[in-house]
>>> print(open('entry_24.cif').read())   # mmCIF, C-alpha atoms, pLDDT in the B column; chains and numbers go by the auth columns
data_structure
#
loop_
_atom_site.group_PDB
_atom_site.id
_atom_site.type_symbol
_atom_site.label_atom_id
_atom_site.label_comp_id
_atom_site.label_asym_id
_atom_site.label_seq_id
_atom_site.Cartn_x
_atom_site.Cartn_y
_atom_site.Cartn_z
_atom_site.B_iso_or_equiv
_atom_site.auth_seq_id
_atom_site.auth_asym_id
ATOM 1 C CA MET A 1 115.900 129.506 107.437 45.00 770 A
ATOM 2 C CA GLN A 2 112.440 128.289 108.464 51.00 771 A
ATOM 3 C CA PRO A 3 109.920 126.810 105.992 51.00 772 A
ATOM 4 C CA THR A 4 106.741 128.718 105.171 56.00 773 A
ATOM 5 C CA PRO A 5 103.486 127.469 106.793 61.00 774 A
ATOM 6 C CA ASP A 6 102.114 125.881 103.586 71.00 775 A
ATOM 7 C CA PHE A 7 105.265 123.839 102.987 79.00 776 A
ATOM 8 C CA ASP A 8 105.370 120.086 103.775 88.00 777 A
ATOM 9 C CA PRO A 9 109.082 119.207 103.540 91.00 778 A
ATOM 10 C CA ALA A 10 108.675 115.562 104.532 92.00 779 A
ATOM 11 C CA ARG A 11 106.119 114.945 101.789 92.00 780 A
ATOM 12 C CA LEU A 12 108.272 116.663 99.167 92.00 781 A
ATOM 13 C CA ALA A 13 111.339 114.697 100.256 94.00 782 A
ATOM 14 C CA ARG A 14 109.419 111.417 100.012 94.00 783 A
ATOM 15 C CA SER A 15 108.155 112.379 96.559 93.00 784 A
ATOM 16 C CA LEU A 16 111.649 113.171 95.299 94.00 785 A
ATOM 17 C CA LEU A 17 112.972 109.863 96.605 95.00 786 A
ATOM 18 C CA ARG A 18 110.163 107.909 94.963 96.00 787 A
ATOM 19 C CA ARG A 19 110.176 109.711 91.617 95.00 788 A
ATOM 20 C CA SER A 20 113.916 110.070 90.988 96.00 789 A
ATOM 21 C CA ARG A 21 115.559 107.651 88.562 96.00 790 A
ATOM 22 C CA GLN A 22 119.007 109.270 88.397 96.00 791 A
ATOM 23 C CA GLY A 23 121.189 111.075 90.875 97.00 792 A
ATOM 24 C CA ALA A 24 124.695 112.321 91.613 97.00 793 A
ATOM 25 C CA LEU A 25 126.465 109.887 93.926 98.00 794 A
ATOM 26 C CA ALA A 26 129.359 111.188 96.029 98.00 795 A
ATOM 27 C CA THR A 27 131.844 108.735 97.536 98.00 796 A
ATOM 28 C CA LEU A 28 135.246 108.945 99.200 98.00 797 A
ATOM 29 C CA MET A 29 138.275 107.870 97.179 97.00 798 A
ATOM 30 C CA ALA A 30 139.834 104.738 98.569 94.00 799 A
ATOM 31 C CA GLY A 31 143.273 105.477 99.961 90.00 800 A
ATOM 32 C CA ASN A 32 143.233 109.269 100.235 94.00 801 A
ATOM 33 C CA GLY A 33 139.609 110.123 101.065 94.00 802 A
ATOM 34 C CA ASP A 34 139.256 112.729 98.324 96.00 803 A
ATOM 35 C CA PRO A 35 135.665 113.397 97.195 96.00 804 A
ATOM 36 C CA TYR A 36 134.478 111.669 94.031 97.00 805 A
ATOM 37 C CA CYS A 37 131.131 112.189 92.278 97.00 806 A
ATOM 38 C CA SER A 38 129.417 110.134 89.585 97.00 807 A
ATOM 39 C CA LEU A 39 126.029 109.813 87.883 97.00 808 A
ATOM 40 C CA VAL A 40 123.999 106.721 88.783 98.00 809 A
ATOM 41 C CA ASN A 41 120.589 105.238 88.061 97.00 810 A
ATOM 42 C CA LEU A 42 118.425 104.392 91.052 97.00 811 A
ATOM 43 C CA ALA A 43 115.122 102.986 92.206 97.00 812 A
ATOM 44 C CA SER A 44 113.429 103.032 95.594 97.00 813 A
ATOM 45 C CA HIS A 45 113.011 100.397 98.289 97.00 814 A
ATOM 46 C CA PRO A 46 109.483 100.037 99.721 97.00 815 A
ATOM 47 C CA ASP A 47 110.603 102.259 102.603 97.00 816 A
ATOM 48 C CA GLY A 48 111.828 104.913 100.160 97.00 817 A
ATOM 49 C CA SER A 49 115.572 104.401 100.559 97.00 818 A
ATOM 50 C CA PRO A 50 117.528 104.436 97.274 98.00 819 A
ATOM 51 C CA ILE A 51 118.585 101.260 95.466 98.00 820 A
ATOM 52 C CA LEU A 52 121.659 101.200 93.230 98.00 821 A
ATOM 53 C CA LEU A 53 122.896 98.587 90.755 97.00 822 A
ATOM 54 C CA ILE A 54 126.599 99.212 90.286 97.00 823 A
ATOM 55 C CA SER A 55 129.619 97.371 88.925 96.00 824 A
ATOM 56 C CA ARG A 56 132.746 96.487 90.864 95.00 825 A
ATOM 57 C CA LEU A 57 134.676 97.786 87.873 95.00 826 A
ATOM 58 C CA ALA A 58 133.385 101.290 88.636 96.00 827 A
ATOM 59 C CA LEU A 59 135.472 103.568 90.810 97.00 828 A
ATOM 60 C CA HIS A 60 132.502 104.579 92.951 97.00 829 A
ATOM 61 C CA THR A 61 131.856 100.918 93.835 97.00 830 A
ATOM 62 C CA ARG A 62 135.458 100.386 94.881 97.00 831 A
ATOM 63 C CA ASN A 63 135.185 103.514 96.999 98.00 832 A
ATOM 64 C CA ILE A 64 132.030 102.235 98.706 98.00 833 A
ATOM 65 C CA LEU A 65 133.600 98.880 99.456 97.00 834 A
ATOM 66 C CA ALA A 66 136.455 100.702 101.192 97.00 835 A
ATOM 67 C CA ASP A 67 134.249 103.280 102.978 97.00 836 A
ATOM 68 C CA SER A 68 130.474 102.961 102.816 98.00 837 A
ATOM 69 C CA ARG A 69 129.760 106.644 103.557 98.00 838 A
ATOM 70 C CA VAL A 70 128.010 108.318 100.627 98.00 839 A
ATOM 71 C CA SER A 71 125.800 111.245 99.717 98.00 840 A
ATOM 72 C CA LEU A 72 123.248 111.375 96.925 98.00 841 A
ATOM 73 C CA MET A 73 121.856 114.489 95.230 97.00 842 A
ATOM 74 C CA LEU A 74 118.413 114.271 93.632 96.00 843 A
ATOM 75 C CA ASP A 75 116.491 117.046 91.880 91.00 844 A
ATOM 76 C CA GLU A 76 113.183 117.635 90.116 84.00 845 A
ATOM 77 C CA ARG A 77 114.790 118.180 86.688 73.00 846 A
ATOM 78 C CA VAL A 78 112.565 121.172 85.949 68.00 847 A
ATOM 79 C CA GLU A 79 112.791 123.072 82.666 72.00 848 A
ATOM 80 C CA GLY A 80 114.734 126.312 82.714 73.00 849 A
ATOM 81 C CA ASP A 81 116.914 127.140 85.705 76.00 850 A
ATOM 82 C CA PRO A 82 117.470 123.851 87.623 73.00 851 A
ATOM 83 C CA LEU A 83 118.050 125.833 90.806 77.00 852 A
ATOM 84 C CA GLU A 84 114.379 126.837 90.766 76.00 853 A
ATOM 85 C CA GLY A 85 113.328 123.229 91.354 79.00 854 A
ATOM 86 C CA ALA A 86 113.427 121.260 94.583 89.00 855 A
ATOM 87 C CA ARG A 87 116.422 119.091 95.374 93.00 856 A
ATOM 88 C CA ILE A 88 117.499 116.862 98.209 96.00 857 A
ATOM 89 C CA MET A 89 120.906 115.779 99.455 97.00 858 A
ATOM 90 C CA LEU A 90 120.760 112.418 101.181 97.00 859 A
ATOM 91 C CA ALA A 91 123.640 111.322 103.443 98.00 860 A
ATOM 92 C CA GLY A 92 124.147 107.797 104.708 98.00 861 A
ATOM 93 C CA ARG A 93 125.872 104.492 104.083 98.00 862 A
ATOM 94 C CA ALA A 94 125.619 102.191 101.061 98.00 863 A
ATOM 95 C CA GLU A 95 125.130 98.530 101.991 97.00 864 A
ATOM 96 C CA GLU A 96 125.565 95.677 99.535 96.00 865 A
ATOM 97 C CA ALA A 97 122.534 93.416 99.299 94.00 866 A
ATOM 98 C CA THR A 98 122.654 90.024 100.975 87.00 867 A
ATOM 99 C CA ASP A 99 121.111 86.926 99.416 82.00 868 A
ATOM 100 C CA ASP A 100 118.014 87.380 101.608 82.00 869 A
ATOM 101 C CA GLY A 101 117.310 90.896 100.398 86.00 870 A
ATOM 102 C CA ARG A 102 118.519 90.718 96.816 92.00 871 A
ATOM 103 C CA ASP A 103 115.275 89.532 95.202 94.00 872 A
ATOM 104 C CA LEU A 104 113.323 92.546 96.468 95.00 873 A
ATOM 105 C CA LEU A 105 115.992 95.008 95.320 96.00 874 A
ATOM 106 C CA HIS A 106 116.247 93.239 91.964 96.00 875 A
ATOM 107 C CA ARG A 107 112.496 93.416 91.376 96.00 876 A
ATOM 108 C CA ARG A 108 112.111 97.044 92.415 97.00 877 A
ATOM 109 C CA TYR A 109 115.114 98.156 90.375 97.00 878 A
ATOM 110 C CA VAL A 110 114.149 96.334 87.180 97.00 879 A
ATOM 111 C CA ASN A 111 110.573 97.636 87.464 96.00 880 A
ATOM 112 C CA ALA A 112 112.045 101.155 87.357 96.00 881 A
ATOM 113 C CA HIS A 113 114.774 100.345 84.803 97.00 882 A
ATOM 114 C CA PRO A 114 113.565 97.481 82.555 95.00 883 A
ATOM 115 C CA SER A 115 116.690 97.647 80.381 95.00 884 A
ATOM 116 C CA ALA A 116 118.794 96.630 83.401 95.00 885 A
ATOM 117 C CA GLU A 117 117.458 93.080 83.078 93.00 886 A
ATOM 118 C CA ALA A 118 120.021 92.534 80.325 92.00 887 A
ATOM 119 C CA PHE A 119 122.986 92.841 82.681 91.00 888 A
ATOM 120 C CA VAL A 120 121.597 92.460 86.191 91.00 889 A
ATOM 121 C CA GLU A 121 123.065 88.950 86.518 89.00 890 A
ATOM 122 C CA PHE A 122 126.576 89.923 85.401 92.00 891 A
ATOM 123 C CA LYS A 123 128.988 88.783 88.114 91.00 892 A
ATOM 124 C CA ASP A 124 130.591 92.192 88.571 93.00 893 A
ATOM 125 C CA PHE A 125 127.243 93.920 89.275 95.00 894 A
ATOM 126 C CA SER A 126 125.708 94.123 92.737 95.00 895 A
ATOM 127 C CA PHE A 127 122.730 95.806 94.327 97.00 896 A
ATOM 128 C CA PHE A 128 123.364 98.355 97.045 97.00 897 A
ATOM 129 C CA ARG A 129 120.867 100.104 99.284 97.00 898 A
ATOM 130 C CA ILE A 130 121.608 103.504 100.775 98.00 899 A
ATOM 131 C CA ARG A 131 120.664 103.638 104.457 97.00 900 A
ATOM 132 C CA PRO A 132 120.026 107.341 105.093 97.00 901 A
ATOM 133 C CA ALA A 133 121.344 109.134 108.152 97.00 902 A
ATOM 134 C CA GLY A 134 119.668 112.415 107.210 97.00 903 A
ATOM 135 C CA ALA A 135 118.697 114.705 104.364 97.00 904 A
ATOM 136 C CA HIS A 136 119.001 118.369 103.416 97.00 905 A
ATOM 137 C CA LEU A 137 116.074 119.657 101.345 95.00 906 A
ATOM 138 C CA VAL A 138 116.177 122.871 99.309 93.00 907 A
ATOM 139 C CA ALA A 139 112.934 123.951 97.653 87.00 908 A
ATOM 140 C CA GLY A 140 113.238 127.735 97.288 77.00 909 A
ATOM 141 C CA PHE A 141 113.367 130.781 99.526 73.00 910 A
ATOM 142 C CA GLY A 142 112.117 129.954 103.009 73.00 911 A
ATOM 143 C CA ARG A 143 112.005 126.288 102.101 84.00 912 A
ATOM 144 C CA ILE A 144 115.308 124.873 103.282 89.00 913 A
ATOM 145 C CA VAL A 145 115.228 122.240 106.006 92.00 914 A
ATOM 146 C CA ASP A 146 117.163 119.296 107.427 96.00 915 A
ATOM 147 C CA LEU A 147 115.222 116.069 107.894 97.00 916 A
ATOM 148 C CA ARG A 148 115.684 112.934 109.960 97.00 917 A
ATOM 149 C CA PRO A 149 115.147 109.525 108.297 97.00 918 A
ATOM 150 C CA ALA A 150 111.924 108.969 110.263 96.00 919 A
ATOM 151 C CA GLN A 151 110.483 112.060 108.589 96.00 920 A
ATOM 152 C CA PHE A 152 110.936 110.919 104.984 96.00 921 A
ATOM 153 C CA LEU A 153 111.145 107.123 105.041 97.00 922 A
ATOM 154 C CA THR A 154 108.058 104.906 105.044 97.00 923 A
ATOM 155 C CA GLU A 155 107.470 102.570 107.972 96.00 924 A
ATOM 156 C CA ILE A 156 107.132 99.013 106.657 97.00 925 A
ATOM 157 C CA GLY A 157 107.561 97.033 109.875 96.00 926 A
ATOM 158 C CA ASP A 158 103.810 96.429 110.060 96.00 927 A
ATOM 159 C CA ALA A 159 103.381 95.737 106.341 97.00 928 A
ATOM 160 C CA ALA A 160 104.913 92.297 105.757 96.00 929 A
ATOM 161 C CA SER A 161 101.627 91.100 104.255 97.00 930 A
ATOM 162 C CA LEU A 162 101.610 94.008 101.794 97.00 931 A
ATOM 163 C CA MET A 163 105.219 93.380 100.787 96.00 932 A
ATOM 164 C CA LYS A 164 104.338 89.748 100.057 96.00 933 A
ATOM 165 C CA ALA A 165 101.367 90.804 97.936 97.00 934 A
ATOM 166 C CA GLU A 166 103.145 93.629 96.097 97.00 935 A
ATOM 167 C CA PRO A 167 104.647 91.695 93.138 96.00 936 A
ATOM 168 C CA GLY A 168 101.266 90.217 92.252 97.00 937 A
ATOM 169 C CA ALA A 169 99.507 93.547 92.707 97.00 938 A
ATOM 170 C CA VAL A 170 101.965 95.324 90.412 97.00 939 A
ATOM 171 C CA ALA A 171 101.607 92.638 87.736 97.00 940 A
ATOM 172 C CA HIS A 172 97.799 92.696 88.035 97.00 941 A
ATOM 173 C CA MET A 173 97.578 96.468 87.666 97.00 942 A
ATOM 174 C CA ASN A 174 99.862 96.454 84.636 97.00 943 A
ATOM 175 C CA GLU A 175 98.230 93.508 82.893 96.00 944 A
ATOM 176 C CA ASP A 176 94.559 94.217 83.601 95.00 945 A
ATOM 177 C CA HIS A 177 94.108 97.821 84.717 96.00 946 A
ATOM 178 C CA ARG A 178 96.157 100.139 82.531 95.00 947 A
ATOM 179 C CA ASP A 179 93.019 102.229 82.034 95.00 948 A
ATOM 180 C CA ALA A 180 92.836 102.831 85.774 96.00 949 A
ATOM 181 C CA MET A 181 96.541 103.727 85.854 96.00 950 A
ATOM 182 C CA ASN A 182 95.934 106.366 83.191 96.00 951 A
ATOM 183 C CA LEU A 183 92.981 107.758 85.157 96.00 952 A
ATOM 184 C CA TYR A 184 95.075 107.998 88.322 97.00 953 A
ATOM 185 C CA ALA A 185 97.690 109.912 86.367 97.00 954 A
ATOM 186 C CA THR A 186 95.415 112.264 84.452 96.00 955 A
ATOM 187 C CA ARG A 187 92.523 112.871 86.866 96.00 956 A
ATOM 188 C CA LEU A 188 94.152 112.554 90.281 97.00 957 A
ATOM 189 C CA LEU A 189 97.649 113.832 89.508 96.00 958 A
ATOM 190 C CA GLY A 190 97.081 116.183 86.580 95.00 959 A
ATOM 191 C CA ALA A 191 99.535 114.436 84.253 96.00 960 A
ATOM 192 C CA GLU A 192 99.192 113.887 80.530 96.00 961 A
ATOM 193 C CA SER A 193 97.672 110.701 79.182 96.00 962 A
ATOM 194 C CA ALA A 194 100.332 108.035 78.528 96.00 963 A
ATOM 195 C CA ASP A 195 100.990 104.326 78.895 96.00 964 A
ATOM 196 C CA TRP A 196 101.352 104.620 82.664 97.00 965 A
ATOM 197 C CA ALA A 197 102.568 101.527 84.510 97.00 966 A
ATOM 198 C CA CYS A 198 102.817 100.628 88.174 97.00 967 A
ATOM 199 C CA VAL A 199 106.410 100.104 89.313 97.00 968 A
ATOM 200 C CA GLY A 200 105.816 99.627 93.033 97.00 969 A
ATOM 201 C CA CYS A 201 103.427 99.890 95.980 97.00 970 A
ATOM 202 C CA ASP A 202 104.085 100.581 99.652 97.00 971 A
ATOM 203 C CA PRO A 203 101.961 101.512 102.685 98.00 972 A
ATOM 204 C CA ASP A 204 101.923 105.207 101.740 97.00 973 A
ATOM 205 C CA GLY A 205 101.301 105.103 97.999 97.00 974 A
ATOM 206 C CA MET A 206 102.030 103.815 94.516 97.00 975 A
ATOM 207 C CA ASP A 207 104.814 104.693 92.083 97.00 976 A
ATOM 208 C CA MET A 208 103.948 105.109 88.394 97.00 977 A
ATOM 209 C CA GLN A 209 106.064 105.467 85.286 97.00 978 A
ATOM 210 C CA ALA A 210 105.656 106.125 81.553 96.00 979 A
ATOM 211 C CA GLY A 211 108.905 106.241 79.625 90.00 980 A
ATOM 212 C CA GLY A 212 111.131 108.735 81.392 89.00 981 A
ATOM 213 C CA LYS A 213 108.267 110.333 83.358 94.00 982 A
ATOM 214 C CA THR A 214 107.470 109.319 86.932 96.00 983 A
ATOM 215 C CA LEU A 215 104.594 110.017 89.314 96.00 984 A
ATOM 216 C CA ARG A 216 103.826 109.358 92.952 96.00 985 A
ATOM 217 C CA LEU A 217 100.227 108.602 93.955 97.00 986 A
ATOM 218 C CA ASP A 218 99.924 109.142 97.709 96.00 987 A
ATOM 219 C CA PHE A 219 97.239 107.173 99.529 97.00 988 A
ATOM 220 C CA PRO A 220 94.926 109.123 101.848 96.00 989 A
ATOM 221 C CA GLU A 221 95.459 106.414 104.488 97.00 990 A
ATOM 222 C CA ARG A 222 98.126 103.775 105.043 97.00 991 A
ATOM 223 C CA VAL A 223 97.589 100.246 103.784 98.00 992 A
ATOM 224 C CA THR A 224 99.400 97.261 105.289 98.00 993 A
ATOM 225 C CA ASN A 225 98.088 94.204 103.435 97.00 994 A
ATOM 226 C CA GLY A 226 96.896 93.092 100.030 97.00 995 A
ATOM 227 C CA ALA A 227 93.191 93.435 100.818 97.00 996 A
ATOM 228 C CA GLU A 228 93.618 97.028 101.991 98.00 997 A
ATOM 229 C CA LEU A 229 95.692 97.811 98.897 98.00 998 A
ATOM 230 C CA ARG A 230 92.990 96.449 96.596 97.00 999 A
ATOM 231 C CA GLU A 231 90.301 98.446 98.405 98.00 1000 A
ATOM 232 C CA MET A 232 92.385 101.604 98.167 98.00 1001 A
ATOM 233 C CA LEU A 233 93.061 101.217 94.452 97.00 1002 A
ATOM 234 C CA VAL A 234 89.381 100.532 93.720 97.00 1003 A
ATOM 235 C CA ARG A 235 88.419 103.578 95.787 97.00 1004 A
ATOM 236 C CA LEU A 236 90.883 105.832 93.985 97.00 1005 A
ATOM 237 C CA ALA A 237 89.804 104.488 90.604 96.00 1006 A
ATOM 238 C CA GLY A 238 86.240 105.423 91.510 96.00 1007 A
ATOM 239 C CA GLU A 239 87.322 108.936 92.467 95.00 1008 A
ATOM 240 C CA ALA A 240 89.252 109.247 89.214 95.00 1009 A
ATOM 241 C CA ARG A 241 86.285 108.091 87.138 94.00 1010 A
ATOM 242 C CA THR A 242 84.014 110.572 88.918 92.00 1011 A
ATOM 243 C CA ARG A 243 86.372 113.392 88.016 87.00 1012 A
ATOM 244 C CA ASP A 244 86.630 112.040 84.476 71.00 1013 A
ATOM 245 C CA SER A 245 82.854 112.097 84.100 70.00 1014 A
ATOM 246 C CA ALA A 246 82.693 115.606 85.523 68.00 1015 A
ATOM 247 C CA ALA A 247 85.354 116.783 83.082 66.00 1016 A
ATOM 248 C CA GLU A 248 83.407 115.380 80.131 65.00 1017 A
ATOM 249 C CA ALA A 249 80.094 116.925 81.245 53.00 1018 A
#
>>> encode(input="entry_24.cif", output="structure tokens")
Amino acid sequence: MQPTPDFDPARLARSLLRRSRQGALATLMAGNGDPYCSLVNLASHPDGSPILLISRLALHTRNILADSRVSLMLDERVEGDPLEGARIMLAGRAEEATDDGRDLLHRRYVNAHPSAEAFVEFKDFSFFRIRPAGAHLVAGFGRIVDLRPAQFLTEIGDAASLMKAEPGAVAHMNEDHRDAMNLYATRLLGAESADWACVGCDPDGMDMQAGGKTLRLDFPERVTNGAELREMLVRLAGEARTRDSAAEA
């Protein structure tokens, strides 16, 4: 089945990966290979790949340690019939974080799930990152497509400077510019006013969250360093304020 001309599957897949906070994780039972499925919380790496924080006491973790092949189902959680919303099945391998990469996964995960800070240092818990091999996107009639990782992951190889600046940028936006965050949400994304917070930035956009609601603000152009990120956020704040003024007129 071919997608309709107005459908951008890669963009929708990226949005689902960035906005999802829970998903159904499928693993293979250690010993006999039978399928096993469980509900997990997740966050996203700067490149968009899913991050998990799971306990070695959990059966799905023991399965992963025996065979790292997994699949992950994410959906839009729309009201009414859930089959009317978009969903994506991601297939790949789950890799346990090394000491070098743990801090980034820790920060991104706790930004998305603040309550996890209470147990993130428990010895039986570890961070895992799913390295996708492909994805199957279903978004309605005529909107079913298979995607390669290059189509839905964000290139970060040229953005080391941005990754270094990201923690400070996130803290700055949340401490000093919550008004701008609310304008992004309401005027640029059409969401309701709320205490929107920044949970992460990457070359392609910014992830926002208020309680259990999540948003993805796509940038019109890529940014690869802190200066470009600042310029982009100021530019978008200006656009949001212009729309805000127009709405009040």
>>> resolve_selection(input="entry_24.cif", expression="the PyMOL selection byres ((chain A and resi 866-875) around 8)", output="compact mmCIF listing (two decimals) with C-alpha atoms, keeping the file's coordinate frame")
# COMPACT_ATOMS: atom_id res chain seq x y z
CA HIS A 814 113.01 100.40 98.29
CA ILE A 820 118.58 101.26 95.47
CA GLU A 864 125.13 98.53 101.99
CA GLU A 865 125.56 95.68 99.54
CA ARG A 876 112.50 93.42 91.38
CA ARG A 877 112.11 97.04 92.42
CA TYR A 878 115.11 98.16 90.38
CA VAL A 879 114.15 96.33 87.18
CA VAL A 889 121.60 92.46 86.19
CA SER A 895 125.71 94.12 92.74
CA PHE A 896 122.73 95.81 94.33
CA PHE A 897 123.36 98.36 97.04
CA ARG A 898 120.87 100.10 99.28
>>> axis_aligned_box(input="entry_24.cif", around="stretch 968-983 of chain A", padding_each_side="3 Å", output="JSON")
{"center_x": 106.2, "center_y": 105.0, "center_z": 91.2, "size_x": 15.8, "size_y": 16.7, "size_z": 29.1}
>>> residues_near_point(input="entry_24.cif", point="(110.6, 126.7, 98.6)", cutoff="8 Å", atoms="all atoms listed in the file", output="compact mmCIF listing (two decimals) with C-alpha atoms, in the coordinates of the input")
# COMPACT_ATOMS: atom_id res chain seq x y z
CA PRO A 772 109.92 126.81 105.99
CA THR A 773 106.74 128.72 105.17
CA PHE A 776 105.26 123.84 102.99
CA ALA A 855 113.43 121.26 94.58
CA VAL A 907 116.18 122.87 99.31
CA ALA A 908 112.93 123.95 97.65
CA GLY A 909 113.24 127.74 97.29
CA PHE A 910 113.37 130.78 99.53
CA GLY A 911 112.12 129.95 103.01
CA ARG A 912 112.00 126.29 102.10
CA ILE A 913 115.31 124.87 103.28
>>> residues_around(input="entry_24.cif", residues="stretch 950-963 of chain A", least_positions_apart="6", cutoff="10 Å", atoms="all atoms listed in the file", output="PyMOL selection string")
chain A and resi 942-943+977-980+982-987+1002+1005-1013+1016
>>> write_last_selection(input="entry_24.cif", atoms="C-alpha atoms", output="CSV table (one decimal), in the coordinates of the input")
chain,number,residue,atom,x,y,z
A,942,MET,CA,97.6,96.5,87.7
A,943,ASN,CA,99.9,96.5,84.6
A,977,MET,CA,103.9,105.1,88.4
A,978,GLN,CA,106.1,105.5,85.3
A,979,ALA,CA,105.7,106.1,81.6
A,980,GLY,CA,108.9,106.2,79.6
A,982,LYS,CA,108.3,110.3,83.4
A,983,THR,CA,107.5,109.3,86.9
A,984,LEU,CA,104.6,110.0,89.3
A,985,ARG,CA,103.8,109.4,93.0
A,986,LEU,CA,100.2,108.6,94.0
A,987,ASP,CA,99.9,109.1,97.7
A,1002,LEU,CA,93.1,101.2,94.5
A,1005,LEU,CA,90.9,105.8,94.0
A,1006,ALA,CA,89.8,104.5,90.6
A,1007,GLY,CA,86.2,105.4,91.5
A,1008,GLU,CA,87.3,108.9,92.5
A,1009,ALA,CA,89.3,109.2,89.2
A,1010,ARG,CA,86.3,108.1,87.1
A,1011,THR,CA,84.0,110.6,88.9
A,1012,ARG,CA,86.4,113.4,88.0
A,1013,ASP,CA,86.6,112.0,84.5
A,1016,ALA,CA,85.4,116.8,83.1
>>> resolve_selection(input="entry_24.cif", expression="the PyMOL selection byres ((chain A and resi 919-928) around 6)", output="list of chain:residue names")
A:Ala779, A:Arg783, A:Asp816, A:Gly817, A:Arg917, A:Pro918, A:Ala929, A:Ser930, A:Leu931, A:Thr993
>>> atom_distance(input="entry_24.cif", atom1="atom CA of A:Gln791", atom2="atom CA of A:Ser813")
11.0 Å
>>> closest_residue(input="entry_24.cif", among="A:Ile857, A:Ala795, A:Val939, A:Ala949", to="A:His905", atoms="only C-alpha atoms")
A:Ile857
>>> resolve_selection(input="entry_24.cif", expression="the PyMOL selection byres ((chain A and resi 830) around 12)", output="ChimeraX atom specification")
/A:794-799,805-807,809,821-829,831-839,863-865,893-897
>>> residues_around(input="entry_24.cif", residues="A:Ala793", least_positions_apart="6", cutoff="10 Å", atoms="all atoms listed in the file", output="MDAnalysis selection string")
chainID A and resid 806:810 840:844 858
>>> closest_residue(input="entry_24.cif", among="A:Arg1004, A:Arg900, A:Lys933, A:Arg846", to="A:Arg790", atoms="all atoms listed in the file")
A:Arg846
